[in-house]
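J.: Okay, here's the structure, questions in a sec.
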Amino acid sequence: MNVVSPGSAILTLSQAAAYLQVSKAHLSNVINGKVAGVVPVRSFRLGRRILIKQEWIDEWLEVEGHRELQQ
């Protein structure tokens, strides 16, 4: 299991999933826009690796939290 260190700026898919406490498959579906009603998480690819900046995850959580409150 990959552990997210507090100073990490760029996370792998596994690390990001652990940070969000979701499965890698679910996070992959969110990134690819396959989860209805959920804005995709911003990410980038380096070869076959999916990488996500931790600040992008935190921003996404803020936006999704506000969207939930408005509904």
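Simple scheme: letters A, B, ... for chains in structure tokens order, numbers from 1 for residues in each chain, numbers from 1 for ligands in the order shown.
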Excluding Ile52 (chain A) and its own-chain neighbours fewer than 4 positions away, which residues fall within 10 Å of it when counting only C-alpha atoms? Please give them as a list in words.
T.: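 Surrounding residues, per the criterion: Ala9, Ile10, Leu11, Thr12, Leu13, Gln15, Ala16, Ile31, Val41, Arg42, Ser43, Phe44, Arg45, Trp56 and Ile57 of chain A.
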J.: DSSP on the backbone: what in chain A comes out strand (DSSP E), as a list of chain:residue names?
T.: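 Those residues are A:Ile10, A:Leu11, A:Thr12, A:Phe44, A:Arg45, A:Leu46, A:Arg49, A:Ile50, A:Leu51, A:Ile52, A:Lys53.
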J.: Pull the alpha helix (DSSP H) assignments for region 6-49 of chain A out of DSSP run on the backbone, and list those residues as a ChimeraX atom specification.
T.: /A:13-20,24-31
J.: Could you pull the residues within 12 Å of region 61-63 of chain A, counting only C-alpha atoms, minus those fewer than 4 positions along the same chain, as an MDAnalysis selection string?
T.: chainID A and resid 19:20 38:42 54:57 67:70
